[in-house]
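One structure below.
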Amino acid sequence: MKNIYRFFALALISFSANCLFAQSSGDNYVREADAKLQNKEYTTARYMYGKAFKAYAAESKIEKAIQAVVNMSALYHREGFFKEAFEHLNSAEAQLKAYEEANNVQLPGSHFLLAKERQKMYMKMRRFDSVREQLERMRSYASASNDTALNVDFLTESVKVYYSLGQNDKGEEAANKLIGLYLSSNDFNTAKECYKNLIDMSVKTGNVHLTQKAYDQYVSWSDSVAEVKAAQERASLQKELDEANATIADRDSSITAKNAIIIGLLVLAAGLAAGLVFVTIALLRYIARSRRQKKAIATAQEHNQLKTMFLSNISAQMEPTLDTLPSDMPAAKALKDFAGHIQELSDLEATQTELYPVEPVNIYDFCESIAEEARSKAAKDVVISVTAPKMNAPLNVENTSRVLNHLMSNAVEYTPEGGKITLEFKKRGPHNIQFIITDTGCGISEEQRENLFKPFSEVRDLTKGDGLGLPICSMIVTKMNGSIILDETYTHGTRFIVELHP
């Protein structure tokens, strides 16, 4: 229970700390500054905008920071502190450029705000060359931003500046561009307000010619707007009529389509019913055939088990009789070996799904031991070489040795003097290794290849071998999760490939 109270206390402290942090953010300073400005507490408002600028800058919210410093500078130059205002604007612009360079971005909108504030101060200071310079910078930033609001702001400031400086032609040009922006977006109310401001400005400056011209433009524009609105209303009514006609046509076509769909569904239902009958008949036939196949497979498996048992029993029953025969008789020895091979085949067949265990083995030493045993049996001048890396691989040493020794013995038997036998090891993947035995002997004929790994495929003189060596090797390799094949593309002797997947 104490741990639970402690957890809630820590959570409350964390929440309170987060709240205090939130209260020190730039947004909170701006809210306080706006409130002070509303109450005409200009000095305090200016101070709070400065705090907001620093908070935003620390939070990397540079656009909000620029707006805060512009508000602060406006309050400085309101009281005639132009030097301080320019210093803060210059410092903010330096931070803005550093931010842009560090983050590989361009923020023309923020530069526009700084230039606009400088333009206002220069206007108040009556430094008109600097006013025009800042106005040109505002134009450049507004164009780069591709922001309609900034372009409107720039044109509005241009109208005020040019008319204030007596440059009526430029002022009129800027006003027309400004009104054009409003008209392009059908913002007639704002355009109307802009014309009224233009007339008021010309009246204040005492420019009779400009007043008359602005008023004539306003009257002409009002007439054209009335025509545009009437055309828009006609177009809207025509659009509604077209939509109504289209809806009626769609409903007519929909009814026709629904009738066609209903007829099609009926035909489809009839087809599905007929198809269902056909599928049901086919399914029943398939079930009956599957049952017959399962029964046939079960019978075949049972016969195979009986065959295995029969062969095993024959071997077991032959063994006592064979033991009575003289051991030095070749026929007796051949029969004993044959009986042993039959017993081994039966045992391997009965345990095909039981894989042999493996252990890490040094491949180079292992292959050398196989080759060394073969060298002791080889004919004169037969070269037996090993190509294997000094690495470990998982193997069942006993059974892998037996398979490779048998293949090497066959290679030794059929390789004449001066021939060559190689034992290679290759790693084909993380769980794929190969032993390759190649000789330059007489090779294996095409007639023998088909039944090379099949036991009892021909009647043989047992004293010359029972032909069960390769079938036994094949079954042993299978129990090592592998396979043994004859490479039929090799034509200069014989090549066997033993592939294992430990």
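Each chain in the structure tokens gets a letter, A, B, ..., in the order shown, and its residues are numbered from 1; ligands are numbered from 1 in order too.
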
Taking only residues of range 350-389 of chain A that have an atom at most 10 Å from an atom of range 481-496 of chain A, what is each one's shortest atom pair and its distance in Å to one decimal, using only C-alpha atoms, in chain and number order, as a tab-separated table?
```
residue	atom	partner	partner_atom	distance
A:Gln352	CA	A:Asn481	CA	9.8
A:Thr353	CA	A:Asn481	CA	9.3
A:Glu354	CA	A:Asn481	CA	9.6
A:Leu355	CA	A:Asn481	CA	6.8
A:Tyr356	CA	A:Asn481	CA	8.5
```

Limited to all heavy atoms, could you put the picked residues into a file as a PDB file, in the first residue's frame?
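Listing of out-v6.pdb after writing:
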```
ATOM      1  N   GLN A 352      13.753 -45.235 -41.304  1.00  0.00           N
ATOM      2  CA  GLN A 352      14.134 -44.147 -42.226  1.00  0.00           C
ATOM      3  C   GLN A 352      13.878 -42.764 -41.651  1.00  0.00           C
ATOM      4  O   GLN A 352      14.581 -41.815 -41.954  1.00  0.00           O
ATOM      5  CB  GLN A 352      13.367 -44.304 -43.551  1.00  0.00           C
ATOM      6  CG  GLN A 352      13.976 -45.304 -44.501  1.00  0.00           C
ATOM      7  CD  GLN A 352      15.331 -44.842 -45.045  1.00  0.00           C
ATOM      8  OE1 GLN A 352      15.398 -44.014 -45.924  1.00  0.00           O
ATOM      9  NE2 GLN A 352      16.410 -45.388 -44.500  1.00  0.00           N
ATOM     10  N   THR A 353      12.853 -42.607 -40.813  1.00  0.00           N
ATOM     11  CA  THR A 353      12.512 -41.279 -40.276  1.00  0.00           C
ATOM     12  C   THR A 353      13.340 -40.903 -39.051  1.00  0.00           C
ATOM     13  O   THR A 353      13.228 -39.787 -38.557  1.00  0.00           O
ATOM     14  CB  THR A 353      11.023 -41.230 -39.913  1.00  0.00           C
ATOM     15  OG1 THR A 353      10.735 -42.259 -38.960  1.00  0.00           O
ATOM     16  CG2 THR A 353      10.151 -41.425 -41.154  1.00  0.00           C
ATOM     17  N   GLU A 354      14.169 -41.821 -38.560  1.00  0.00           N
ATOM     18  CA  GLU A 354      14.986 -41.554 -37.377  1.00  0.00           C
ATOM     19  C   GLU A 354      16.374 -41.098 -37.826  1.00  0.00           C
ATOM     20  O   GLU A 354      17.185 -41.907 -38.285  1.00  0.00           O
ATOM     21  CB  GLU A 354      15.080 -42.805 -36.500  1.00  0.00           C
ATOM     22  CG  GLU A 354      13.724 -43.306 -36.015  1.00  0.00           C
ATOM     23  CD  GLU A 354      13.838 -44.626 -35.271  1.00  0.00           C
ATOM     24  OE1 GLU A 354      14.986 -45.043 -34.979  1.00  0.00           O
ATOM     25  OE2 GLU A 354      12.796 -45.245 -35.008  1.00  0.00           O
ATOM     26  N   LEU A 355      16.662 -39.803 -37.706  1.00  0.00           N
ATOM     27  CA  LEU A 355      17.927 -39.261 -38.175  1.00  0.00           C
ATOM     28  C   LEU A 355      19.058 -39.568 -37.202  1.00  0.00           C
ATOM     29  O   LEU A 355      18.857 -39.642 -35.990  1.00  0.00           O
ATOM     30  CB  LEU A 355      17.811 -37.747 -38.369  1.00  0.00           C
ATOM     31  CG  LEU A 355      16.769 -37.260 -39.387  1.00  0.00           C
ATOM     32  CD1 LEU A 355      16.800 -35.739 -39.483  1.00  0.00           C
ATOM     33  CD2 LEU A 355      17.004 -37.890 -40.754  1.00  0.00           C
ATOM     34  N   TYR A 356      20.273 -39.731 -37.761  1.00  0.00           N
ATOM     35  CA  TYR A 356      21.457 -39.970 -36.928  1.00  0.00           C
ATOM     36  C   TYR A 356      21.879 -38.675 -36.229  1.00  0.00           C
ATOM     37  O   TYR A 356      21.768 -37.585 -36.801  1.00  0.00           O
ATOM     38  CB  TYR A 356      22.625 -40.465 -37.785  1.00  0.00           C
ATOM     39  CG  TYR A 356      22.432 -41.851 -38.357  1.00  0.00           C
ATOM     40  CD1 TYR A 356      22.563 -42.078 -39.722  1.00  0.00           C
ATOM     41  CD2 TYR A 356      22.139 -42.928 -37.530  1.00  0.00           C
ATOM     42  CE1 TYR A 356      22.411 -43.346 -40.257  1.00  0.00           C
ATOM     43  CE2 TYR A 356      21.974 -44.204 -38.057  1.00  0.00           C
ATOM     44  CZ  TYR A 356      22.110 -44.411 -39.416  1.00  0.00           C
ATOM     45  OH  TYR A 356      21.945 -45.661 -39.933  1.00  0.00           O
TER      46      TYR A 356
END
```

Give the alpha helix (DSSP H) residues of range 409-475 of chain A, as assigned by DSSP on the backbone, as a PyMOL selection string.
-> chain A and resi 409-414+446-449+469-475

Would you output that residue set with N, CA, C and O atoms, as an mmCIF file, in the first residue's frame?
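To be explicit, this is the file written out as part18.cif:
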```cif
data_model
loop_
_atom_site.group_PDB
_atom_site.id
_atom_site.type_symbol
_atom_site.label_atom_id
_atom_site.label_comp_id
_atom_site.auth_asym_id
_atom_site.auth_seq_id
_atom_site.Cartn_x
_atom_site.Cartn_y
_atom_site.Cartn_z
ATOM 1 N N SER A 409 36.437 -47.138 -51.821
ATOM 2 C CA SER A 409 36.844 -48.514 -52.135
ATOM 3 C C SER A 409 36.462 -48.864 -53.554
ATOM 4 O O SER A 409 37.244 -49.495 -54.292
ATOM 5 N N ASN A 410 35.239 -48.477 -53.957
ATOM 6 C CA ASN A 410 34.815 -48.717 -55.337
ATOM 7 C C ASN A 410 35.719 -47.976 -56.316
ATOM 8 O O ASN A 410 36.102 -48.508 -57.374
ATOM 9 N N ALA A 411 36.072 -46.707 -55.971
ATOM 10 C CA ALA A 411 36.942 -45.935 -56.850
ATOM 11 C C ALA A 411 38.309 -46.600 -56.975
ATOM 12 O O ALA A 411 38.889 -46.684 -58.072
ATOM 13 N N VAL A 412 38.858 -47.092 -55.843
ATOM 14 C CA VAL A 412 40.154 -47.784 -55.851
ATOM 15 C C VAL A 412 40.085 -49.047 -56.701
ATOM 16 O O VAL A 412 41.005 -49.365 -57.475
ATOM 17 N N GLU A 413 38.963 -49.784 -56.578
ATOM 18 C CA GLU A 413 38.815 -51.057 -57.297
ATOM 19 C C GLU A 413 38.803 -50.863 -58.813
ATOM 20 O O GLU A 413 39.362 -51.672 -59.557
ATOM 21 N N TYR A 414 38.177 -49.759 -59.273
ATOM 22 C CA TYR A 414 37.997 -49.584 -60.719
ATOM 23 C C TYR A 414 38.939 -48.539 -61.317
ATOM 24 O O TYR A 414 38.788 -48.173 -62.488
ATOM 25 N N GLU A 446 25.471 -46.949 -68.953
ATOM 26 C CA GLU A 446 24.129 -46.385 -68.873
ATOM 27 C C GLU A 446 23.120 -47.429 -68.415
ATOM 28 O O GLU A 446 22.137 -47.102 -67.745
ATOM 29 N N GLU A 447 23.322 -48.715 -68.775
ATOM 30 C CA GLU A 447 22.383 -49.762 -68.363
ATOM 31 C C GLU A 447 22.385 -49.947 -66.845
ATOM 32 O O GLU A 447 21.344 -50.229 -66.238
ATOM 33 N N GLN A 448 23.545 -49.769 -66.222
ATOM 34 C CA GLN A 448 23.660 -49.966 -64.777
ATOM 35 C C GLN A 448 23.169 -48.754 -63.979
ATOM 36 O O GLN A 448 22.795 -48.899 -62.817
ATOM 37 N N ARG A 449 23.206 -47.553 -64.577
ATOM 38 C CA ARG A 449 22.901 -46.327 -63.828
ATOM 39 C C ARG A 449 21.479 -46.304 -63.286
ATOM 40 O O ARG A 449 21.227 -45.810 -62.186
ATOM 41 N N GLY A 469 25.684 -52.672 -51.663
ATOM 42 C CA GLY A 469 26.483 -51.632 -51.012
ATOM 43 C C GLY A 469 25.934 -50.233 -51.252
ATOM 44 O O GLY A 469 25.721 -49.460 -50.301
ATOM 45 N N LEU A 470 25.670 -49.873 -52.511
ATOM 46 C CA LEU A 470 25.162 -48.530 -52.807
ATOM 47 C C LEU A 470 23.740 -48.328 -52.286
ATOM 48 O O LEU A 470 23.436 -47.246 -51.764
ATOM 49 N N PRO A 471 22.803 -49.312 -52.402
ATOM 50 C CA PRO A 471 21.485 -49.118 -51.784
ATOM 51 C C PRO A 471 21.574 -48.877 -50.278
ATOM 52 O O PRO A 471 20.856 -48.041 -49.727
ATOM 53 N N ILE A 472 22.475 -49.620 -49.585
ATOM 54 C CA ILE A 472 22.640 -49.416 -48.139
ATOM 55 C C ILE A 472 23.197 -48.011 -47.874
ATOM 56 O O ILE A 472 22.718 -47.295 -46.981
ATOM 57 N N CYS A 473 24.183 -47.582 -48.684
ATOM 58 C CA CYS A 473 24.737 -46.233 -48.519
ATOM 59 C C CYS A 473 23.660 -45.173 -48.733
ATOM 60 O O CYS A 473 23.601 -44.169 -48.010
ATOM 61 N N SER A 474 22.804 -45.403 -49.733
ATOM 62 C CA SER A 474 21.737 -44.435 -50.011
ATOM 63 C C SER A 474 20.799 -44.295 -48.819
ATOM 64 O O SER A 474 20.391 -43.181 -48.450
ATOM 65 N N MET A 475 20.448 -45.419 -48.186
ATOM 66 C CA MET A 475 19.548 -45.369 -47.025
ATOM 67 C C MET A 475 20.242 -44.702 -45.826
ATOM 68 O O MET A 475 19.609 -43.954 -45.070
#
```

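Distance annotation: of A:Ala98, A:Leu165, A:Ser346, A:Lys160, the residue with the minimal separation from Asp129 in chain A is A:Leu165; atom set is only C-alpha atoms.
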
Which residues come within 8 Å of range 27-36 of chain A, counting only C-alpha atoms, excluding same-chain residues fewer than 6 positions away, as a ChimeraX atom specification?
-> /A:42,44-49,51-52,68

Please write the residues from the selection above to a file, keeping C-alpha atoms, as an mmCIF file, in the first residue's frame.
```cif
data_model
loop_
_atom_site.group_PDB
_atom_site.id
_atom_site.type_symbol
_atom_site.label_atom_id
_atom_site.label_comp_id
_atom_site.auth_asym_id
_atom_site.auth_seq_id
_atom_site.Cartn_x
_atom_site.Cartn_y
_atom_site.Cartn_z
ATOM 1 C CA TYR A 42 3.420 48.933 -23.206
ATOM 2 C CA THR A 44 5.582 45.289 -19.630
ATOM 3 C CA ALA A 45 4.187 43.993 -22.930
ATOM 4 C CA ARG A 46 7.488 44.764 -24.634
ATOM 5 C CA TYR A 47 9.390 42.882 -21.911
ATOM 6 C CA MET A 48 7.093 39.825 -22.196
ATOM 7 C CA TYR A 49 7.475 39.724 -25.998
ATOM 8 C CA LYS A 51 10.862 36.723 -23.057
ATOM 9 C CA ALA A 52 8.675 34.963 -25.622
ATOM 10 C CA ALA A 68 7.559 37.934 -31.058
#
```

Contact residues around Asn396 in chain A with only C-alpha atoms at 9 Å, ignoring same-chain residues under 6 positions, as a ChimeraX atom specification = /A:356-361,480

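Here CA of Glu349 in chain A is placed at a distance of 15.5 Å from CA of Asn399 in chain A.
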
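The space separating CA of Leu345 in chain A from CA of Gly465 in chain A comes to 15.5 Å.
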